[in-house]
Amino acid sequence: MPVIRKCMEQVGLMSIGWDDLKIVLAIARNGSLSAAARALGTTQPTVSRRLEALERSLNAKLFDRDAGGLRLTALAQSLVGGLEQMDAGALAVQRQVAARDTGLSGQILVTSLDWLGDEVIAPMLARFGALHPGLVIELINDTKVFNLARREADLAFRFGSFSQENLVERRIGDIAYGLYAARSYLERHGHPEAADGFNGHFLVLLDRAAGEVPHEAWLPLLAHRARTVLRANGLRAHLAAIRSGAAMAVLPSFIAEADPTLLRVAVAHPMPVRAVRVGFHSDMRDTPRVRALVDFVVQEFSQLRARLNPQECTAGRSTC
């Protein structure tokens, strides 16, 4: 890193600690003190105080404040490239340390989202943790896409493929969806007819912030005359609305089929299926605790296959 060192020497940064320099990088990446604080896991006043102390020690400004937030000065702009390289190097060292052969002990940070994490992944992790008392497993369910290269998580369970580089991903199962309604709803409104575009029926859909999701994208086309009475961003809200008998919604079969008050509504459309994948950074490939957990989860998903994707077993395409 001779170029980085020369740059730091020129602006007097050789005596500055990496923790202070990470403040500069976090603000440059996120554009505001509050966003940088969230990224660093600290508070906005702490970030502001440390930035001011750093600027005093340098006798130079690193950021200018304007209506759009914080804007990098020429000095800060000259440093960002080197700081990015330093950060990447530090993260590589952290991954190497985390990947050391410590057997089935240590911490595993896992991320998933919404009902998949709550209803499927969490019980699996609890069973695995019970088998290995030397492990500490933490699960975070969040719509945020955690950066595995930056050690924001060790393992991630997601729908669809991973876009980050240097990751190992594995397809571990398929989740089937269907259109469901409460018995009380169908008794009042009858079964919807595709021929009239579900006229006279009511739907609950995901909120617009979710964008177009594969398991739901087909429904507005088929039910173009139905009325959307609610948009919500989570499965619990959908379930509560459907159980009340107010509307219909697309739900994962794994959840809906376990509720005796709900019925699957037959439609002339193939049941949507979404692939579940687990991903981790390639540096963690040979870490015993990560490898053991992935193998365990693969086996668990295999045992749940008939419930997660009933269509596959009904069609006779696998041994369920």
# chains A, B, ... in the order shown; residues from 1 in each chain; ligands from 1

$ residues_around --residues "Leu219 in chain A" --least-positions-apart "3" --cutoff "10 Å" --atoms "only C-alpha atoms" --output "number ranges by chain"
A: 179, 203, 205, 214-216, 222-224, 226, 249-250, 267, 269

$ write_last_selection --atoms "N, CA and C atoms" --output "mmCIF file, in the first residue's frame"
data_model
loop_
_atom_site.group_PDB
_atom_site.id
_atom_site.type_symbol
_atom_site.label_atom_id
_atom_site.label_comp_id
_atom_site.auth_asym_id
_atom_site.auth_seq_id
_atom_site.Cartn_x
_atom_site.Cartn_y
_atom_site.Cartn_z
ATOM 1 N N LEU A 179 -53.131 -18.703 -3.677
ATOM 2 C CA LEU A 179 -54.127 -17.700 -3.305
ATOM 3 C C LEU A 179 -55.025 -18.300 -2.227
ATOM 4 N N LEU A 203 -58.667 -7.914 -2.474
ATOM 5 C CA LEU A 203 -57.313 -8.451 -2.344
ATOM 6 C C LEU A 203 -56.492 -7.652 -1.347
ATOM 7 N N LEU A 205 -52.397 -6.962 -0.987
ATOM 8 C CA LEU A 205 -51.144 -7.113 -1.715
ATOM 9 C C LEU A 205 -49.994 -6.533 -0.903
ATOM 10 N N PRO A 214 -42.082 -11.928 -7.554
ATOM 11 C CA PRO A 214 -42.524 -13.009 -8.459
ATOM 12 C C PRO A 214 -43.764 -13.759 -7.989
ATOM 13 N N HIS A 215 -43.892 -13.973 -6.672
ATOM 14 C CA HIS A 215 -45.004 -14.807 -6.233
ATOM 15 C C HIS A 215 -46.349 -14.070 -6.288
ATOM 16 N N GLU A 216 -46.330 -12.757 -6.507
ATOM 17 C CA GLU A 216 -47.561 -11.991 -6.503
ATOM 18 C C GLU A 216 -47.827 -11.293 -7.836
ATOM 19 N N LEU A 222 -54.555 -11.529 -13.485
ATOM 20 C CA LEU A 222 -55.676 -12.472 -13.472
ATOM 21 C C LEU A 222 -56.915 -11.845 -12.826
ATOM 22 N N ALA A 223 -56.688 -11.071 -11.780
ATOM 23 C CA ALA A 223 -57.789 -10.488 -11.000
ATOM 24 C C ALA A 223 -57.887 -8.990 -11.265
ATOM 25 N N HIS A 224 -57.958 -8.608 -12.534
ATOM 26 C CA HIS A 224 -57.883 -7.193 -12.883
ATOM 27 C C HIS A 224 -59.130 -6.403 -12.478
ATOM 28 N N ALA A 226 -60.751 -7.159 -9.499
ATOM 29 C CA ALA A 226 -60.829 -7.200 -8.035
ATOM 30 C C ALA A 226 -60.325 -5.872 -7.470
ATOM 31 N N ALA A 249 -55.487 -13.220 -0.350
ATOM 32 C CA ALA A 249 -54.086 -12.826 -0.529
ATOM 33 C C ALA A 249 -53.269 -14.029 -0.961
ATOM 34 N N VAL A 250 -52.130 -13.745 -1.586
ATOM 35 C CA VAL A 250 -51.160 -14.785 -1.927
ATOM 36 C C VAL A 250 -50.299 -15.030 -0.693
ATOM 37 N N VAL A 267 -57.176 -21.518 -8.909
ATOM 38 C CA VAL A 267 -57.105 -20.577 -10.025
ATOM 39 C C VAL A 267 -56.433 -21.264 -11.200
ATOM 40 N N HIS A 269 -53.892 -20.925 -12.894
ATOM 41 C CA HIS A 269 -52.538 -20.373 -12.988
ATOM 42 C C HIS A 269 -51.618 -21.283 -12.195
#

$ residues_around --residues "His189 in chain A" --least-positions-apart "4" --cutoff "10 Å" --atoms "only C-alpha atoms" --output "list in words"
Ser184, Tyr185, Gly200, His201, Phe202, Gly245 and Ala247 of chain A

$ write_last_selection --atoms "C-alpha atoms" --output "short mmCIF file (atom, residue, chain, number, x, y, z; two decimals), in the first residue's frame"
data_model
loop_
_atom_site.label_atom_id
_atom_site.label_comp_id
_atom_site.auth_asym_id
_atom_site.auth_seq_id
_atom_site.Cartn_x
_atom_site.Cartn_y
_atom_site.Cartn_z
CA SER A 184 -66.08 -16.95 5.97
CA TYR A 185 -64.93 -14.84 3.01
CA GLY A 200 -66.65 -8.30 -6.73
CA HIS A 201 -63.66 -9.68 -4.86
CA PHE A 202 -61.07 -8.04 -2.61
CA GLY A 245 -62.58 -12.59 6.22
CA ALA A 247 -60.08 -10.24 1.48
#

$ select_by_dssp --residues "range 98-250 of chain A" --states "strand (DSSP E)" --output "VMD selection string"
chain A and resid 106 to 112 135 to 141 155 to 159 167 to 182 202 to 206 227 to 232 249 to 250

$ closest_residue --among "A:Val110, A:Ala232, A:Val204, A:Ala306" --to "Gly279 in chain A" --atoms "only C-alpha atoms"
A:Val110

$ atom_distance --atom1 "CA of Leu113 in chain A" --atom2 "CA of Phe146 in chain A"
10.8 Å

$ residues_around --residues "Thr43 in chain A" --least-positions-apart "6" --cutoff "12 Å" --atoms "only C-alpha atoms" --output "PyMOL selection string"
chain A and resi 23+33-37+49-50

$ write_last_selection --atoms "C-alpha atoms" --output "PDB file, in the first residue's frame"
ATOM      1  CA  ILE A  23     -15.711   7.788  10.359  1.00  0.00           C
ATOM      2  CA  LEU A  33     -23.897  11.860  10.034  1.00  0.00           C
ATOM      3  CA  SER A  34     -26.998   9.939  11.040  1.00  0.00           C
ATOM      4  CA  ALA A  35     -26.676   7.414   8.203  1.00  0.00           C
ATOM      5  CA  ALA A  36     -22.967   6.981   8.956  1.00  0.00           C
ATOM      6  CA  ALA A  37     -23.808   6.399  12.623  1.00  0.00           C
ATOM      7  CA  ARG A  49     -17.896  14.807  17.814  1.00  0.00           C
ATOM      8  CA  ARG A  50     -15.241  12.498  16.394  1.00  0.00           C
TER       9      ARG A  50
END

$ closest_residue --among "A:Arg227, A:Arg277, A:Arg183, A:His238" --to "Leu263 in chain A" --atoms "only C-alpha atoms"
A:Arg183

$ atom_distance --atom1 "CA of Glu119 in chain A" --atom2 "CA of Arg150 in chain A"
27.1 Å

$ residues_around --residues "Arg71 in chain A" --least-positions-apart "3" --cutoff "10 Å" --atoms "only C-alpha atoms" --output "ChimeraX atom specification"
/A:27-28,31-32,62-68,74,76-77

$ write_last_selection --atoms "all heavy atoms" --output "short mmCIF file (atom, residue, chain, number, x, y, z; two decimals), in the first residue's frame"
data_model
loop_
_atom_site.label_atom_id
_atom_site.label_comp_id
_atom_site.auth_asym_id
_atom_site.auth_seq_id
_atom_site.Cartn_x
_atom_site.Cartn_y
_atom_site.Cartn_z
N ILE A 27 -19.07 8.43 6.43
CA ILE A 27 -19.81 9.62 6.03
C ILE A 27 -19.77 9.76 4.51
O ILE A 27 -20.78 10.10 3.87
CB ILE A 27 -19.22 10.88 6.70
CG1 ILE A 27 -19.36 10.78 8.22
CG2 ILE A 27 -19.93 12.13 6.19
CD1 ILE A 27 -18.64 11.88 8.98
N ALA A 28 -18.60 9.51 3.91
CA ALA A 28 -18.49 9.60 2.45
C ALA A 28 -19.42 8.61 1.77
O ALA A 28 -20.03 8.91 0.74
CB ALA A 28 -17.04 9.34 2.03
N GLY A 31 -23.41 9.75 3.22
CA GLY A 31 -23.88 11.08 2.91
C GLY A 31 -24.38 11.93 4.05
O GLY A 31 -24.66 13.11 3.87
N SER A 32 -24.50 11.37 5.25
CA SER A 32 -24.96 12.15 6.40
C SER A 32 -24.40 11.55 7.68
O SER A 32 -23.98 10.38 7.70
CB SER A 32 -26.49 12.19 6.48
OG SER A 32 -27.00 10.92 6.85
N LEU A 62 -12.95 18.37 6.25
CA LEU A 62 -13.13 17.19 5.40
C LEU A 62 -14.49 17.18 4.71
O LEU A 62 -14.65 16.56 3.66
CB LEU A 62 -12.97 15.92 6.24
CG LEU A 62 -11.57 15.68 6.81
CD1 LEU A 62 -11.59 14.56 7.83
CD2 LEU A 62 -10.60 15.36 5.68
N PHE A 63 -15.46 17.88 5.31
CA PHE A 63 -16.80 17.92 4.74
C PHE A 63 -17.39 19.32 4.87
O PHE A 63 -17.16 20.01 5.87
CB PHE A 63 -17.74 16.92 5.45
CG PHE A 63 -17.33 15.49 5.30
CD1 PHE A 63 -16.52 14.89 6.24
CD2 PHE A 63 -17.75 14.75 4.21
CE1 PHE A 63 -16.13 13.56 6.10
CE2 PHE A 63 -17.37 13.42 4.06
CZ PHE A 63 -16.56 12.83 5.01
N ASP A 64 -18.11 19.73 3.85
CA ASP A 64 -18.88 20.97 3.89
C ASP A 64 -20.35 20.61 4.01
O ASP A 64 -20.83 19.65 3.40
CB ASP A 64 -18.67 21.78 2.61
CG ASP A 64 -17.26 22.35 2.52
OD1 ASP A 64 -16.74 22.79 3.57
OD2 ASP A 64 -16.69 22.34 1.41
N ARG A 65 -21.07 21.39 4.79
CA ARG A 65 -22.50 21.15 4.97
C ARG A 65 -23.29 22.01 4.00
O ARG A 65 -23.04 23.20 3.87
CB ARG A 65 -22.90 21.47 6.41
CG ARG A 65 -22.39 20.45 7.41
CD ARG A 65 -22.58 20.92 8.85
NE ARG A 65 -22.24 19.89 9.80
CZ ARG A 65 -21.00 19.57 10.15
NH1 ARG A 65 -19.98 20.21 9.60
NH2 ARG A 65 -20.77 18.61 11.04
N ASP A 66 -24.27 21.35 3.32
CA ASP A 66 -25.18 22.10 2.46
C ASP A 66 -26.58 21.50 2.61
O ASP A 66 -26.80 20.61 3.44
CB ASP A 66 -24.72 22.09 1.00
CG ASP A 66 -24.56 20.69 0.43
OD1 ASP A 66 -25.27 19.78 0.91
OD2 ASP A 66 -23.75 20.50 -0.49
N ALA A 67 -27.52 21.99 1.84
CA ALA A 67 -28.92 21.56 1.99
C ALA A 67 -29.08 20.07 1.74
O ALA A 67 -29.98 19.43 2.28
CB ALA A 67 -29.81 22.35 1.03
N GLY A 68 -28.22 19.49 0.92
CA GLY A 68 -28.34 18.08 0.60
C GLY A 68 -27.62 17.16 1.57
O GLY A 68 -27.65 15.94 1.41
N ALA A 74 -12.18 18.75 -1.20
CA ALA A 74 -11.16 18.19 -2.09
C ALA A 74 -10.23 17.26 -1.33
O ALA A 74 -9.80 16.21 -1.84
CB ALA A 74 -10.37 19.32 -2.76
N ALA A 76 -10.93 15.41 1.37
CA ALA A 76 -11.62 14.14 1.64
C ALA A 76 -11.73 13.30 0.38
O ALA A 76 -11.56 12.08 0.41
CB ALA A 76 -13.00 14.40 2.24
N GLN A 77 -12.03 13.96 -0.74
CA GLN A 77 -12.12 13.23 -2.00
C GLN A 77 -10.81 12.53 -2.35
O GLN A 77 -10.80 11.41 -2.88
CB GLN A 77 -12.53 14.18 -3.13
CG GLN A 77 -13.97 14.66 -3.04
CD GLN A 77 -14.30 15.67 -4.11
OE1 GLN A 77 -13.43 16.10 -4.87
NE2 GLN A 77 -15.56 16.08 -4.17
#

$ residues_around --residues "range 297-300 of chain A" --least-positions-apart "5" --cutoff "12 Å" --atoms "only C-alpha atoms" --output "list in words"
Val120, Ile121, Ala122, Pro123, Met124, Leu125, Ala126, Arg127, Phe128, Gly129, Leu155, Ala156, Phe157, Arg170, Arg171, Ile172, Gly173, Asp174, Val276, Arg277, Val278, Val290, Arg291, Ala292, Arg305, Ala306, Arg307 and Leu308 of chain A

$ write_last_selection --atoms "C-alpha atoms" --output "mmCIF file, in the first residue's frame"
data_model
loop_
_atom_site.group_PDB
_atom_site.id
_atom_site.type_symbol
_atom_site.label_atom_id
_atom_site.label_comp_id
_atom_site.auth_asym_id
_atom_site.auth_seq_id
_atom_site.Cartn_x
_atom_site.Cartn_y
_atom_site.Cartn_z
ATOM 1 C CA VAL A 120 -38.443 -21.686 8.950
ATOM 2 C CA ILE A 121 -34.889 -20.580 9.708
ATOM 3 C CA ALA A 122 -35.239 -19.760 13.418
ATOM 4 C CA PRO A 123 -36.371 -23.272 14.498
ATOM 5 C CA MET A 124 -33.535 -24.815 12.478
ATOM 6 C CA LEU A 125 -30.941 -22.554 14.107
ATOM 7 C CA ALA A 126 -32.327 -23.303 17.555
ATOM 8 C CA ARG A 127 -32.054 -27.051 16.953
ATOM 9 C CA PHE A 128 -28.498 -26.670 15.651
ATOM 10 C CA GLY A 129 -27.539 -24.489 18.600
ATOM 11 C CA LEU A 155 -24.645 -16.476 6.493
ATOM 12 C CA ALA A 156 -27.626 -15.086 4.608
ATOM 13 C CA PHE A 157 -30.857 -16.801 3.568
ATOM 14 C CA ARG A 170 -26.406 -22.806 -2.629
ATOM 15 C CA ARG A 171 -30.025 -23.445 -3.521
ATOM 16 C CA ILE A 172 -31.513 -25.272 -0.563
ATOM 17 C CA GLY A 173 -35.248 -25.397 -1.202
ATOM 18 C CA ASP A 174 -38.338 -24.112 -2.958
ATOM 19 C CA VAL A 276 -34.419 -20.183 -1.251
ATOM 20 C CA ARG A 277 -30.639 -19.837 -1.237
ATOM 21 C CA VAL A 278 -28.019 -19.639 1.470
ATOM 22 C CA VAL A 290 -20.254 -22.442 8.983
ATOM 23 C CA ARG A 291 -19.860 -25.630 6.966
ATOM 24 C CA ALA A 292 -21.627 -27.673 9.660
ATOM 25 C CA ARG A 305 -39.779 -30.312 1.264
ATOM 26 C CA ALA A 306 -43.327 -31.698 1.172
ATOM 27 C CA ARG A 307 -44.639 -28.803 3.289
ATOM 28 C CA LEU A 308 -42.614 -26.045 1.643
#

$ residues_around --residues "Asn147 in chain A" --least-positions-apart "5" --cutoff "8 Å" --atoms "only C-alpha atoms" --output "list of chain:residue names"
A:Glu152, A:Ala153, A:Gln164

$ closest_atom_pairs --of "range 139-236 of chain A" --to "range 251-254 of chain A" --cutoff "7 Å" --atoms "only C-alpha atoms" --output "JSON lines"
{"residue": "A:Ile175", "atom": "CA", "partner": "A:Pro252", "partner_atom": "CA", "distance": 6.9}
{"residue": "A:Ala176", "atom": "CA", "partner": "A:Ser253", "partner_atom": "CA", "distance": 5.8}
{"residue": "A:Tyr177", "atom": "CA", "partner": "A:Pro252", "partner_atom": "CA", "distance": 4.3}
{"residue": "A:Gly178", "atom": "CA", "partner": "A:Leu251", "partner_atom": "CA", "distance": 5.7}
{"residue": "A:Leu179", "atom": "CA", "partner": "A:Leu251", "partner_atom": "CA", "distance": 6.4}
{"residue": "A:Tyr180", "atom": "CA", "partner": "A:Leu251", "partner_atom": "CA", "distance": 6.6}

$ write_last_selection --atoms "N, CA and C atoms" --output "PDB file, in the first residue's frame"
ATOM      1  N   ILE A 175     -40.065 -22.630  -2.171  1.00  0.00           N
ATOM      2  CA  ILE A 175     -41.243 -22.231  -1.406  1.00  0.00           C
ATOM      3  C   ILE A 175     -42.405 -22.021  -2.372  1.00  0.00           C
ATOM      4  N   ALA A 176     -43.476 -22.759  -2.161  1.00  0.00           N
ATOM      5  CA  ALA A 176     -44.661 -22.617  -3.008  1.00  0.00           C
ATOM      6  C   ALA A 176     -45.640 -21.627  -2.393  1.00  0.00           C
ATOM      7  N   TYR A 177     -46.344 -20.914  -3.272  1.00  0.00           N
ATOM      8  CA  TYR A 177     -47.354 -19.948  -2.857  1.00  0.00           C
ATOM      9  C   TYR A 177     -48.686 -20.298  -3.499  1.00  0.00           C
ATOM     10  N   GLY A 178     -49.746 -19.756  -2.921  1.00  0.00           N
ATOM     11  CA  GLY A 178     -51.070 -19.922  -3.495  1.00  0.00           C
ATOM     12  C   GLY A 178     -51.969 -18.784  -3.064  1.00  0.00           C
ATOM     13  N   LEU A 179     -53.131 -18.703  -3.677  1.00  0.00           N
ATOM     14  CA  LEU A 179     -54.127 -17.700  -3.305  1.00  0.00           C
ATOM     15  C   LEU A 179     -55.025 -18.300  -2.227  1.00  0.00           C
ATOM     16  N   TYR A 180     -55.154 -17.595  -1.093  1.00  0.00           N
ATOM     17  CA  TYR A 180     -55.909 -18.132   0.044  1.00  0.00           C
ATOM     18  C   TYR A 180     -56.956 -17.135   0.522  1.00  0.00           C
TER      19      TYR A 180
END
